[in-house]
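Read the structure below first, then the notes.
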Amino acid sequence: MKMFKYVLKRILLMFFVFFVVTTICFMLIRLLPRELPQDKNLADAIAARWDALGYNEPLIVQFGIYLRNIFTKLDFGTSWYIQYREPALDLLLSRLAPTVLVNTYALVFSIPLGILLGIYAAIKKNRWQDTLISTGVMVFVSVPSYVYAFLVQYFLYFKLDLLPLTVYSLADAGGSWFTGKMFYSMIPPILALSFGEIAGLCRFTRAELTETLTSDYMLLARTKGLSRGQATARHALKNAMVPILPMIIGSFISVMSGSLVIERIFSIPGVGQLYIQSIQLFDYDVFMVDCIFYSFVGLLAGIVVDLSYGFIDPRIRMGEK
């Protein structure tokens with residue numbers, strides 16, 4: 001019962017924060033000046049359409065109309081500049097596939113490598129292997145992802161000519177995101193996204209496992225006759241994974257949000273690229289549906305991560321005082 005109350009409380013709080021963020025984003029974007037195209041006929045048509053949709057009403061009225069359209073028609077507005085008269089929600093959904101694919105590939109590559117490096121560093125604590133890995137982790141954690149993107153482009157495209165500069169378009173890859181040629185073109189952004197993720201997981205895994213290996217129950221396991229490897233595999237890893245697995249779960253939920261900078265650098269037509277375009281072109285409704293999407297994914301990831309602790313370790317009771 002306490003668990004149910006805790007989950008309900010978190011969900012209600014999530015929707016409250018979600019509403020506040022959506023309201024702030026709507027008010028701020030609608031305060032920006034609206035620009036019409038240079039073509040007079042098109043400008044007149046758009047202006048008339050805006051007036052019919054209530055864009056010239058007071059902000060609070062505009063927000064009421066916007067919410068009413070969402071709840072009654074599932075209408076999140078229309079794109080006027082990125083893709084003329086295309087529903088904003090359909091435009092967002094059409095950009096999800098490349099974002100999810102690139103980020104999923106990056107996580108599938110980086111999670112096992114980061115955890116294995118962290119385990120190895122913890123086992124070799126205070127030896128030269130640990131020092132080497134920890135130094136590399138500090139370097140990779142400190143460097144932003146766009147630096148990796150430029151380095152990958154410079155060495156693997158300009159110097160070695162092994163990989164393409166940007167992600168292929170659908171026309172170049174046979175009309176599908178799930179072809180080997182498309183995956184080949186995604187390798188540079190996958191690498192650029194993976195370095196920081198590997199370093200973060202390695203550092204976190206090393207810290208948790210190092211603490212676990214020095215605990216009292218590990219000493220007890222060794223006195224019962226278990227070797228260091230057996231005690232590590234049966235006890236230390238199991239307990240160290242309790243805080244690591246929710247972190248991984250949150251990362252997989254966040255794959256939909258994408259990376260604004262990486263998608264821009266590698267010309268990935270994903271959600272991040274769409275978000276930047278909506279800001280640059282003052283495409284209000286597309287910007288709003290992006291804000292709603294990002295806010296919901298972020299808040300949902302936070303709740304799932306918190307709840308996953310209770311499912312991974314039954315000793316943790318959500319809602320207990």
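Ordered as shown in the structure tokens, chains take letters A, B, and onward, while each chain numbers its residues from 1 and ligands are numbered from 1 in the order shown.
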
Expected answer as a PyMOL selection string: strand (DSSP E) residues in segment 69-283 of chain A: chain A and resi 78-79+86-87

Residue neighbourhood segment 292-306 of chain A, 7 Å, only C-alpha atoms, exclusion window fewer than 4 positions, as a PyMOL selection string: chain A and resi 14+18+22+246-247+249-250+253-254+257+288

Would you write out those residues with C-alpha atoms, as a compact mmCIF listing (two decimals), in the first residue's frame?
```
# COMPACT_ATOMS: atom_id res chain seq x y z
CA MET A 14 5.54 14.38 -12.49
CA PHE A 18 5.29 18.60 -16.69
CA THR A 22 4.99 23.17 -20.69
CA PRO A 246 18.99 1.93 -12.59
CA MET A 247 21.55 4.20 -14.26
CA ILE A 249 17.73 1.76 -17.34
CA GLY A 250 17.56 5.54 -17.30
CA ILE A 253 14.78 5.45 -21.65
CA SER A 254 16.66 8.60 -22.62
CA SER A 257 15.86 12.41 -26.52
CA MET A 288 6.35 23.09 -28.34
```

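Atom CA of Asp172 of chain A is positioned 18.8 Å from atom CA of Arg264 of chain A.
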
Residues within 7 Å of segment 202-218 of chain A, only C-alpha atoms, excluding chain neighbours under 2 positions, as a VMD selection string: chain A and resid 114 to 115 117 to 119 121 to 122 137 198 to 200 220 to 222 231 236 to 237 240 244

So which one's closest to Asn56 of chain A, A:Pro33, A:Trp128, A:Lys40, A:Tyr157? Using only C-alpha atoms, please.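 Smallest separation from Asn56 of chain A among the options: A:Pro33.
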